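Engineer: The structure is given below, and queries will be raised subsequently.
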Amino acid sequence: MPAATTLGYAGWAAFGVLVRGFQLGVLNRPLSSGKAGYVYSAAFWTGLGYVFYKVVDHNDALIEQRVNQLQDARAKFAKEQ
């Protein structure tokens with residue numbers, strides 16, 4: 001389970017900055033051009049990381065609920081035997 005901490009979000013933001021630098025490199029533009037693009041890219045990737053963490057937490061809760069249901073059903077079946 002990923003840790004949705006400030007450090008985790010900072011990792012997503014750093015990845016966004018790296019993606020923007022790679023994009024400018026592919027376009028053969030100076031890395032210092034369009035400084036706002038770095039902010040937009042970091043914000044986008046941080047938002048994507050936030051959504052990713054929420055989806056993972058939701059799926060973990062669903063899995064835990066399903067496991068509990070299966071354990072209860074097995075315990076009930078064992079009592080009937």
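In the structure tokens, chains take the letters A, B, ... in the order shown, each chain's residues start at 1, and ligands count up from 1 in the order shown.
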With only C-alpha atoms as the counted atoms, please give the residues lying no more than 12 Å from Trp45 of chain A, apart from itself and same-chain residues fewer than 6 positions off, as a ChimeraX atom specification.
Structural biologist: /A:8-20,38-39,51-52
Engineer: As number ranges by chain, which residues of segment 3-73 of chain A does DSSP assign to helix (DSSP H, G or I)?
Structural biologist: A: 6-26, 35-73
Engineer: Which residue out of A:Gly47, A:Ala78, A:Tyr53, A:Gly21 has the minimum interatomic distance to Lys35 of chain A when only C-alpha atoms are used?
Structural biologist: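 Looking only at the distances to Lys35 of chain A, the closest residue turns out to be A:Gly21.
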